[in-house]
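Coordinates as given in coords-v5.txt (compact mmCIF, C-alpha atoms):
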```txt
# COMPACT_ATOMS: atom_id res chain seq x y z
CA ASP A 992 7.28 -4.02 14.18
CA THR A 993 4.32 -6.26 15.05
CA ALA A 994 2.26 -6.19 11.85
CA THR A 995 3.84 -8.96 9.77
CA THR A 996 1.19 -11.47 10.86
CA GLU A 997 -1.55 -9.17 9.60
CA ILE A 998 0.26 -8.65 6.30
CA TYR A 999 0.63 -12.41 5.90
CA THR A 1000 -3.11 -12.76 6.59
CA LEU A 1001 -3.80 -10.26 3.82
CA SER A 1002 -1.68 -12.27 1.39
CA LEU A 1003 -3.86 -15.34 2.03
CA HIS A 1004 -7.05 -13.51 1.14
CA ASP A 1005 -8.19 -12.13 -2.20
CA ALA A 1006 -5.96 -9.12 -1.61
CA LEU A 1007 -3.21 -7.22 -3.41
CA PRO A 1008 -0.23 -7.03 -1.02
CA ILE A 1009 1.93 -3.98 -1.77
CA SER A 1010 4.93 -2.49 0.00
CA VAL A 1011 6.92 0.70 0.19
CA ASP A 1012 10.64 0.29 -0.40
CA THR A 1013 11.79 0.58 3.23
CA ALA A 1014 9.42 -2.21 4.34
CA LEU A 1015 10.54 -4.63 1.61
CA PRO A 1016 13.47 -6.25 3.50
CA ILE A 1017 11.26 -6.76 6.56
CA LEU A 1018 8.60 -8.55 4.52
CA ALA A 1019 11.19 -10.60 2.63
CA ARG A 1020 12.65 -11.92 5.91
CA GLU A 1021 9.16 -13.13 6.82
CA GLU A 1022 8.79 -14.73 3.35
CA ILE A 1023 6.00 -12.30 2.47
CA ARG A 1024 6.19 -11.30 -1.18
CA PRO A 1025 4.29 -8.15 -2.20
CA GLN A 1026 2.96 -7.93 -5.73
CA TYR A 1027 3.95 -4.28 -6.11
CA VAL A 1028 6.66 -2.16 -4.47
CA PHE A 1029 6.81 1.65 -4.59
CA THR A 1030 9.95 3.80 -4.51
CA LEU A 1031 10.72 7.46 -5.16
CA ASP A 1032 13.68 8.59 -3.03
CA PRO A 1033 16.92 9.44 -4.90
CA GLN A 1034 19.31 8.69 -2.01
CA GLU A 1035 21.83 5.91 -2.61
CA GLU A 1036 20.86 4.27 0.68
CA SER A 1037 17.45 3.50 -0.85
CA PHE A 1038 19.20 0.73 -2.79
CA LEU A 1039 19.84 -1.11 0.49
CA SER A 1040 16.15 -2.02 0.58
CA PHE A 1041 16.44 -3.76 -2.79
CA ARG A 1042 19.92 -5.30 -2.89
CA GLU A 1043 18.62 -8.73 -1.76
CA ASN A 1044 15.39 -8.37 -3.74
CA LEU A 1045 16.36 -7.63 -7.34
CA ASP A 1046 15.05 -10.89 -8.80
CA GLY A 1047 11.82 -9.41 -10.16
CA LEU A 1048 9.34 -11.40 -8.09
CA PHE A 1049 7.24 -8.24 -7.80
CA LYS A 1050 6.43 -5.26 -10.01
CA LEU A 1051 8.21 -2.00 -9.30
CA ILE A 1052 6.38 1.34 -9.46
CA TYR A 1053 8.68 4.36 -9.30
CA THR A 1054 8.92 8.06 -10.04
CA PRO A 1055 11.77 9.52 -12.16
CA THR A 1056 13.29 10.83 -8.90
CA ALA A 1057 13.99 7.28 -7.66
CA ALA A 1058 17.57 6.11 -7.14
CA THR A 1059 19.01 5.19 -10.53
CA LYS A 1060 20.82 2.12 -9.18
CA ILE A 1061 17.49 0.57 -8.21
CA ILE A 1062 15.98 1.14 -11.64
CA SER A 1063 19.01 -0.16 -13.53
CA CYS A 1064 19.58 -3.27 -11.39
CA PHE A 1065 16.00 -4.44 -10.83
CA ARG A 1066 15.25 -7.35 -13.15
CA GLY A 1067 11.46 -7.40 -13.05
CA GLU A 1068 8.66 -5.34 -14.58
CA LYS A 1069 8.89 -1.60 -13.94
CA PHE A 1070 6.28 1.13 -14.25
CA VAL A 1071 7.07 4.84 -14.07
CA VAL A 1072 4.60 7.41 -12.76
CA PHE A 1073 5.09 11.18 -13.10
CA LYS A 1074 4.39 13.85 -10.51
CA GLU A 1075 1.60 16.02 -11.85
CA GLY A 1076 2.62 19.67 -12.24
CA HIS A 1077 6.33 19.05 -11.59
CA SER A 1078 8.55 21.55 -13.43
CA LEU A 1079 10.93 18.77 -14.57
CA TYR A 1080 8.22 17.15 -16.69
CA GLN A 1081 6.73 20.16 -18.46
CA ASN A 1082 8.07 18.96 -21.81
CA GLN A 1083 7.01 15.34 -21.36
CA LYS A 1084 3.25 15.71 -21.63
CA SER A 1085 2.82 12.79 -24.05
CA GLN A 1086 4.79 10.45 -21.78
CA MET A 1087 2.78 11.57 -18.78
CA GLU A 1088 -0.48 10.87 -20.57
CA GLU A 1089 0.78 7.42 -21.56
CA LYS A 1090 2.39 6.41 -18.26
CA GLY A 1091 0.07 8.11 -15.76
CA THR A 1092 0.50 10.77 -13.09
CA THR A 1093 0.17 11.22 -9.36
CA GLN A 1094 -0.65 14.37 -7.42
CA THR A 1095 1.43 13.26 -4.46
CA GLY A 1096 5.10 13.52 -3.62
CA GLY A 1097 7.48 13.50 -0.69
CA SER A 1098 6.38 10.28 0.98
CA VAL A 1099 6.37 6.94 -0.79
CA SER A 1100 3.33 5.98 1.30
CA CYS A 1101 1.36 8.84 -0.24
CA LEU A 1102 2.41 7.68 -3.71
CA GLY A 1103 1.32 4.14 -2.89
CA LEU A 1104 -2.10 5.17 -1.59
CA ASP A 1105 -2.79 7.40 -4.59
CA CYS A 1106 -1.81 4.67 -7.06
CA LEU A 1107 -3.89 2.03 -5.31
CA ILE A 1108 -6.95 4.25 -5.49
CA GLN A 1109 -6.31 4.87 -9.19
CA LEU A 1110 -6.01 1.10 -9.68
CA GLY A 1111 -9.50 0.77 -8.22
CA CYS A 1112 -8.56 -1.01 -4.99
CA ASP A 1113 -11.35 -0.96 -2.38
CA PRO A 1114 -11.04 -1.42 0.52
CA ILE A 1115 -7.44 -0.39 1.21
CA PHE A 1116 -5.67 -1.40 4.44
CA LEU A 1117 -2.69 0.64 5.61
CA ILE A 1118 -0.60 -1.29 8.12
CA GLY A 1119 1.78 0.52 10.46
CA GLN A 1120 1.23 3.96 8.91
CA ASP A 1121 1.78 5.84 12.16
CA CYS A 1122 3.10 9.24 10.93
CA ALA A 1123 4.64 9.67 14.39
CA TYR A 1124 7.47 8.61 16.68
CA SER A 1125 5.51 5.64 18.02
CA GLY A 1126 7.17 4.30 21.14
CA GLY A 1127 9.81 7.03 20.86
CA ARG A 1128 11.32 5.26 17.86
CA THR A 1129 12.49 6.76 14.58
CA TYR A 1130 12.43 3.51 12.60
CA SER A 1131 11.06 -0.01 12.84
CA ARG A 1132 13.47 -2.21 14.80
CA HIS A 1133 13.67 -4.53 11.78
CA SER A 1134 14.46 -1.85 9.19
CA ASN A 1135 17.77 -1.19 7.44
CA MET A 1136 17.81 2.30 8.91
CA ASN A 1137 17.65 0.82 12.41
CA VAL A 1138 20.57 -1.47 11.58
CA GLN A 1139 22.58 1.56 10.43
CA LEU A 1140 21.75 3.29 13.70
CA LEU A 1141 23.02 0.23 15.58
CA ASP A 1142 26.30 0.44 13.68
CA ARG A 1143 26.80 4.07 14.70
CA ILE A 1144 26.12 3.89 18.42
CA ALA A 1145 29.00 3.72 20.87
CA GLU A 1146 29.45 1.06 23.52
CA ARG A 1147 27.91 3.16 26.29
CA VAL A 1148 25.02 4.40 24.21
CA THR A 1149 21.85 2.31 24.06
CA LEU A 1150 19.76 1.87 20.94
CA SER A 1151 16.88 3.61 22.71
CA SER A 1152 19.00 6.68 23.44
CA GLY A 1153 20.16 6.58 19.82
CA HIS A 1154 16.56 6.88 18.65
CA THR A 1155 15.94 9.64 21.21
CA GLU A 1156 18.97 11.59 20.01
CA LYS A 1157 17.94 11.23 16.36
CA THR A 1158 14.36 12.37 16.99
CA GLY A 1159 15.69 15.27 19.04
CA LEU A 1160 17.52 16.60 15.98
CA LYS A 1161 14.17 17.44 14.39
CA LYS A 1162 11.58 19.90 15.60
CA GLN A 1163 8.77 17.90 17.13
CA ILE A 1164 5.05 18.61 17.09
CA ARG A 1165 2.47 17.19 19.48
CA ILE A 1166 -0.65 16.09 17.63
CA LYS A 1167 -3.76 14.02 18.25
CA GLY A 1168 -3.18 10.30 18.13
CA ASN A 1169 -5.59 7.45 17.65
CA PHE A 1170 -8.20 6.74 20.32
CA GLY A 1171 -7.64 9.89 22.40
CA SER A 1172 -3.87 9.77 22.80
CA MET A 1173 -1.30 12.46 21.98
CA VAL A 1174 1.80 11.62 19.94
CA SER A 1175 4.98 13.35 18.81
CA THR A 1176 5.82 13.77 15.14
CA SER A 1177 8.15 15.77 12.92
CA GLN A 1178 7.24 18.54 10.50
CA SER A 1179 7.92 16.27 7.54
CA MET A 1180 5.81 13.40 8.89
CA TYR A 1181 3.05 15.87 9.70
CA SER A 1182 3.04 17.01 6.06
CA TYR A 1183 2.81 13.37 4.94
CA LYS A 1184 -0.12 12.87 7.32
CA ARG A 1185 -1.91 15.87 5.80
CA THR A 1186 -1.28 14.53 2.29
CA LEU A 1187 -2.71 11.12 3.18
CA GLU A 1188 -5.76 12.84 4.66
CA GLU A 1189 -6.24 14.95 1.54
CA ILE A 1190 -6.01 11.91 -0.74
CA ALA A 1191 -8.66 10.19 1.37
CA ARG A 1192 -10.83 13.33 1.39
CA GLN A 1193 -10.80 13.43 -2.41
CA HIS A 1194 -11.86 9.78 -2.61
CA THR A 1195 -14.53 9.35 0.04
CA GLY A 1196 -16.05 6.51 -1.98
CA THR A 1197 -13.00 4.35 -1.27
CA ARG A 1198 -12.85 2.61 2.09
CA ILE A 1199 -9.45 3.18 3.70
CA TYR A 1200 -8.39 1.65 7.02
CA ASN A 1201 -5.24 2.08 9.07
CA LEU A 1202 -4.01 -0.51 11.56
CA SER A 1203 -1.76 1.62 13.78
CA SER A 1204 -3.19 2.01 17.27
CA HIS A 1205 -0.22 4.01 18.60
CA GLY A 1206 0.16 6.43 15.70
CA ALA A 1207 -1.33 9.76 14.64
CA GLU A 1208 -5.02 10.06 13.90
CA LEU A 1209 -5.61 10.28 10.15
CA GLU A 1210 -8.73 12.21 9.19
CA ASN A 1211 -10.98 10.56 6.58
CA ILE A 1212 -9.26 7.22 7.27
CA THR A 1213 -10.77 4.70 9.68
CA SER A 1214 -8.42 3.65 12.49
CA LEU A 1215 -8.37 -0.01 13.53
CA SER A 1216 -7.41 -0.64 17.14
CA SER A 1217 -6.74 -4.37 17.12
CA VAL A 1218 -6.00 -7.44 15.05
CA SER A 1219 -9.53 -8.75 15.65
CA GLU A 1220 -11.04 -5.54 14.28
CA PHE A 1221 -8.71 -5.80 11.30
CA ALA A 1222 -9.84 -9.38 10.70
CA SER A 1223 -13.52 -8.41 10.86
CA LYS A 1224 -13.05 -5.70 8.22
CA LEU A 1225 -11.05 -8.07 6.04
CA SER A 1226 -13.88 -10.58 5.99
CA VAL A 1227 -16.54 -8.04 4.92
```

Could the structure of this file be written out as structure tokens, please?
Amino acid sequence: DTATTEIYTLSLHDALPISVDTALPILAREEIRPQYVFTLDPQEESFLSFRENLDGLFKLIYTPTAATKIISCFRGEKFVVFKEGHSLYQNQKSQMEEKGTTQTGGSVSCLGLDCLIQLGCDPIFLIGQDCAYSGGRTYSRHSNMNVQLLDRIAERVTLSSGHTEKTGLKKQIRIKGNFGSMVSTSQSMYSYKRTLEEIARQHTGTRIYNLSSHGAELENITSLSSVSEFASKLSV
């Protein structure tokens, strides 16, 4: 919710701004254009993140599981990446060797991190990767999913209680947060956290930072507590 200034700062430096699909509308409203956007979810609602951003001003990286409407309507360059070891691609070995593979799946953030490492990016800055219900919220207040939640709440129900109700539908886990705190997360977000940690563990030569002071602690990834600390790392 508060990281758009830092993302804009990145875009002014010799950096490669990238985005996951759900963050794309937020960045577009701030006139921040990523160079690459990642998507992998098959749900039709994933298209909502792209419907105002189909002009091809960025390159799209997707897996074959991505929503078909996104792939067919997007007018820019597209690159497909296959999930290594997936049963659906057993007979497409030549295509996988040509197009490239990823070991990750499930979370588009994991896909993005793995691809950036394979592209040779170093350092890598994750912004807002909290892997938790930071502030008791399910989604960023600027996201399409938050707008949908607004549309569903009744007159006497607040947005805050809507988030609380939605998080309560999932089994929550208490885990260690950044800088000594404890945070709540879901089983799915916990699995994404473990995947991010494993990617970082396998690539200890790549410097990876995460600006998310209220989120979960990510092992093998350096947490940044403030904008000033972020700026100091960016200038190194």

Item to check | Residue neighbourhood segment 1043-1052 of chain A, 7 Å, only C-alpha atoms, exclusion window fewer than 3 positions, as a list in words | outcome: Pro1025, Gln1026, Tyr1027, Val1028, Phe1029, Thr1030, Cys1064, Phe1065, Arg1066, Gly1067, Glu1068, Lys1069, Phe1070 and Val1071 of chain A

Could you write those residues out with C-alpha atoms, as a short mmCIF file (atom, residue, chain, number, x, y, z; two decimals), keeping the file's coordinate frame?
```
data_model
loop_
_atom_site.label_atom_id
_atom_site.label_comp_id
_atom_site.auth_asym_id
_atom_site.auth_seq_id
_atom_site.Cartn_x
_atom_site.Cartn_y
_atom_site.Cartn_z
CA PRO A 1025 4.29 -8.15 -2.20
CA GLN A 1026 2.96 -7.93 -5.73
CA TYR A 1027 3.95 -4.28 -6.11
CA VAL A 1028 6.66 -2.16 -4.47
CA PHE A 1029 6.81 1.65 -4.59
CA THR A 1030 9.95 3.80 -4.51
CA CYS A 1064 19.58 -3.27 -11.39
CA PHE A 1065 16.00 -4.44 -10.83
CA ARG A 1066 15.25 -7.35 -13.15
CA GLY A 1067 11.46 -7.40 -13.05
CA GLU A 1068 8.66 -5.34 -14.58
CA LYS A 1069 8.89 -1.60 -13.94
CA PHE A 1070 6.28 1.13 -14.25
CA VAL A 1071 7.07 4.84 -14.07
#
```

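The space separating atom CA of Gly1168 of chain A from atom CA of Ser1204 of chain A comes to 8.3 Å.
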
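Distance-wise, atom CA of Phe1170 of chain A and atom CA of Lys1224 of chain A end up 18.0 Å apart.
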
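Interatomic distance, atom CA of Thr1213 of chain A to atom CA of Val1174 of chain A: 17.6 Å.
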
Contacts of Gly1097 of chain A at 9 Å or less, counting all atoms listed in the file, minus same-chain residues fewer than 2 places along, as a PDB file with C-alpha atoms, in the frame of the given file?
```
ATOM      1  CA  LEU A1031      10.720   7.460  -5.160  1.00  0.00           C
ATOM      2  CA  ASP A1032      13.680   8.590  -3.030  1.00  0.00           C
ATOM      3  CA  THR A1095       1.430  13.260  -4.460  1.00  0.00           C
ATOM      4  CA  VAL A1099       6.370   6.940  -0.790  1.00  0.00           C
ATOM      5  CA  SER A1100       3.330   5.980   1.300  1.00  0.00           C
ATOM      6  CA  CYS A1101       1.360   8.840  -0.240  1.00  0.00           C
ATOM      7  CA  LEU A1102       2.410   7.680  -3.710  1.00  0.00           C
ATOM      8  CA  SER A1179       7.920  16.270   7.540  1.00  0.00           C
ATOM      9  CA  SER A1182       3.040  17.010   6.060  1.00  0.00           C
ATOM     10  CA  TYR A1183       2.810  13.370   4.940  1.00  0.00           C
TER      11      TYR A1183
END
```

Checklist outcome for this item: From the list A:Ile1118, A:Glu1035, A:Met1180, A:Gln1083, the nearest residue to Thr1059 of chain A using all atoms listed in the file is A:Glu1035

Checklist entry - Which one is closest to Gln1178 of chain A: A:Leu1007, A:Ala1123, A:Ile1199, A:Cys1112? Count all atoms listed in the file. => result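 Checking each of A:Leu1007, A:Ala1123, A:Ile1199, A:Cys1112 against Gln1178 of chain A, counting all atoms listed in the file, the winner is A:Ala1123.
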
Taking all atoms of segment 1114-1126 of chain A that the file lists and extending 4 Å past them on each side, where is the centre of the axis-aligned box and how long are its edges? Answer in Å to one decimal, as lines of an AutoDock Vina configuration file.
```
center_x = -1.8
center_y = 4.1
center_z = 10.8
size_x = 26.5
size_y = 19.1
size_z = 28.6
```

Next on the checklist: I need every residue sitting at most 8 Å from the point (-8.7, 8.7, 6.7) (coordinates as in the file, all atoms listed in the file considered), written as a list in words.
Outcome noted: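 Here is the list of nearby residues: Leu1187, Glu1188, Ala1191, Arg1192, Ile1199, Tyr1200, Asn1201, Leu1209, Glu1210, Asn1211, Ile1212, Thr1213 and Ser1214 of chain A.
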
Include C-alpha atoms and write out the residues we just selected as a PDB file, in the coordinates of the input.
```pdb
ATOM      1  CA  LEU A1187      -2.710  11.120   3.180  1.00  0.00           C
ATOM      2  CA  GLU A1188      -5.760  12.840   4.660  1.00  0.00           C
ATOM      3  CA  ALA A1191      -8.660  10.190   1.370  1.00  0.00           C
ATOM      4  CA  ARG A1192     -10.830  13.330   1.390  1.00  0.00           C
ATOM      5  CA  ILE A1199      -9.450   3.180   3.700  1.00  0.00           C
ATOM      6  CA  TYR A1200      -8.390   1.650   7.020  1.00  0.00           C
ATOM      7  CA  ASN A1201      -5.240   2.080   9.070  1.00  0.00           C
ATOM      8  CA  LEU A1209      -5.610  10.280  10.150  1.00  0.00           C
ATOM      9  CA  GLU A1210      -8.730  12.210   9.190  1.00  0.00           C
ATOM     10  CA  ASN A1211     -10.980  10.560   6.580  1.00  0.00           C
ATOM     11  CA  ILE A1212      -9.260   7.220   7.270  1.00  0.00           C
ATOM     12  CA  THR A1213     -10.770   4.700   9.680  1.00  0.00           C
ATOM     13  CA  SER A1214      -8.420   3.650  12.490  1.00  0.00           C
TER      14      SER A1214
END
```

Checklist entry - Of the candidates A:Ile1017, A:Glu1088, A:Leu1202, A:His1194, which shows the shortest atom-to-atom distance to Ser1219 of chain A, using all atoms listed in the file? => result A:Leu1202

Checklist entry - Out of A:Thr1092, A:Thr1056, A:Pro1016, A:Ala1222, which residue has the shortest atom-to-atom distance to Phe1073 of chain A when counting all atoms listed in the file? => result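 With all atoms listed in the file as the atom set, the closest residue is A:Thr1092.
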
Item to check | Nearest to Asp1121 of chain A by atom-to-atom distance, counting all atoms listed in the file, from A:Arg1042, A:Lys1167, A:Lys1090, A:Lys1060 | outcome: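 Once distances to Asp1121 of chain A are computed over all atoms listed in the file, the minimum belongs to A:Lys1167.
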
Checklist entry - Which residues, protein or nucleic acid, reach to within 7 Å of (2.1, -2.6, 3.1) in the file's coordinates when using only C-alpha atoms, and can you give that as a list in words? => result Pro1008, Ile1009, Ser1010, Val1011, Leu1117 and Ile1118 of chain A

Item to check | Selected residue of minimal separation from Ala1019 of chain A among A:Ile1190, A:Gly1171, A:Ser1040, A:Gly1206, counting all atoms listed in the file | outcome: A:Ser1040

Next on the checklist: When you look at Pro1114 of chain A with a cut-off of 10 Å (counting all atoms listed in the file), what residues show up, excluding the ones that are within fewer than 5 positions of it in the same chain? I need them as a ChimeraX atom specification.
Outcome noted: /A:1006,1107-1108,1196-1200,1224-1225,1227

Assuming the input is short of atoms at segment 1090-1106 of chain A, produce N, CA, C and O atoms for that part as a short mmCIF file (atom, residue, chain, number, x, y, z; two decimals), keeping the file's coordinate frame.
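Dumped everything to out_22.cif:
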```
data_model
loop_
_atom_site.label_atom_id
_atom_site.label_comp_id
_atom_site.auth_asym_id
_atom_site.auth_seq_id
_atom_site.Cartn_x
_atom_site.Cartn_y
_atom_site.Cartn_z
N LYS A 1090 1.95 7.16 -19.44
CA LYS A 1090 2.39 6.41 -18.26
C LYS A 1090 1.50 6.63 -17.04
O LYS A 1090 1.36 5.75 -16.20
N GLY A 1091 0.90 7.81 -16.93
CA GLY A 1091 0.07 8.11 -15.76
C GLY A 1091 0.76 9.08 -14.82
O GLY A 1091 1.99 9.23 -14.83
N THR A 1092 -0.03 9.75 -14.00
CA THR A 1092 0.50 10.77 -13.09
C THR A 1092 -0.05 10.56 -11.68
O THR A 1092 -1.04 9.87 -11.47
N THR A 1093 0.63 11.19 -10.74
CA THR A 1093 0.17 11.22 -9.36
C THR A 1093 0.24 12.66 -8.87
O THR A 1093 1.09 13.44 -9.32
N GLN A 1094 -0.66 13.03 -7.99
CA GLN A 1094 -0.65 14.37 -7.42
C GLN A 1094 0.24 14.44 -6.19
O GLN A 1094 0.50 15.53 -5.68
N THR A 1095 0.70 13.30 -5.72
CA THR A 1095 1.43 13.26 -4.46
C THR A 1095 2.93 13.25 -4.67
O THR A 1095 3.43 12.98 -5.75
N GLY A 1096 3.64 13.54 -3.60
CA GLY A 1096 5.10 13.52 -3.62
C GLY A 1096 5.61 13.57 -2.20
O GLY A 1096 4.85 13.74 -1.25
N GLY A 1097 6.90 13.41 -2.03
CA GLY A 1097 7.48 13.50 -0.69
C GLY A 1097 7.56 12.16 -0.01
O GLY A 1097 8.64 11.65 0.26
N SER A 1098 6.42 11.56 0.30
CA SER A 1098 6.38 10.28 0.98
C SER A 1098 5.97 9.17 0.03
O SER A 1098 4.98 9.30 -0.70
N VAL A 1099 6.70 8.08 0.07
CA VAL A 1099 6.37 6.94 -0.79
C VAL A 1099 5.03 6.33 -0.39
O VAL A 1099 4.33 5.74 -1.22
N SER A 1100 4.63 6.49 0.86
CA SER A 1100 3.33 5.98 1.30
C SER A 1100 2.19 6.74 0.63
O SER A 1100 1.16 6.14 0.26
N CYS A 1101 2.37 8.03 0.45
CA CYS A 1101 1.36 8.84 -0.24
C CYS A 1101 1.25 8.41 -1.70
O CYS A 1101 0.15 8.29 -2.26
N LEU A 1102 2.40 8.17 -2.33
CA LEU A 1102 2.41 7.68 -3.71
C LEU A 1102 1.66 6.36 -3.79
O LEU A 1102 0.84 6.14 -4.70
N GLY A 1103 1.95 5.44 -2.87
CA GLY A 1103 1.32 4.14 -2.89
C GLY A 1103 -0.19 4.23 -2.74
O GLY A 1103 -0.93 3.57 -3.49
N LEU A 1104 -0.66 5.04 -1.80
CA LEU A 1104 -2.10 5.17 -1.59
C LEU A 1104 -2.78 5.75 -2.82
O LEU A 1104 -3.83 5.24 -3.26
N ASP A 1105 -2.20 6.78 -3.40
CA ASP A 1105 -2.79 7.40 -4.59
C ASP A 1105 -2.88 6.41 -5.75
O ASP A 1105 -3.90 6.32 -6.43
N CYS A 1106 -1.81 5.64 -5.96
CA CYS A 1106 -1.81 4.67 -7.06
C CYS A 1106 -2.82 3.57 -6.82
O CYS A 1106 -3.50 3.12 -7.76
#
```
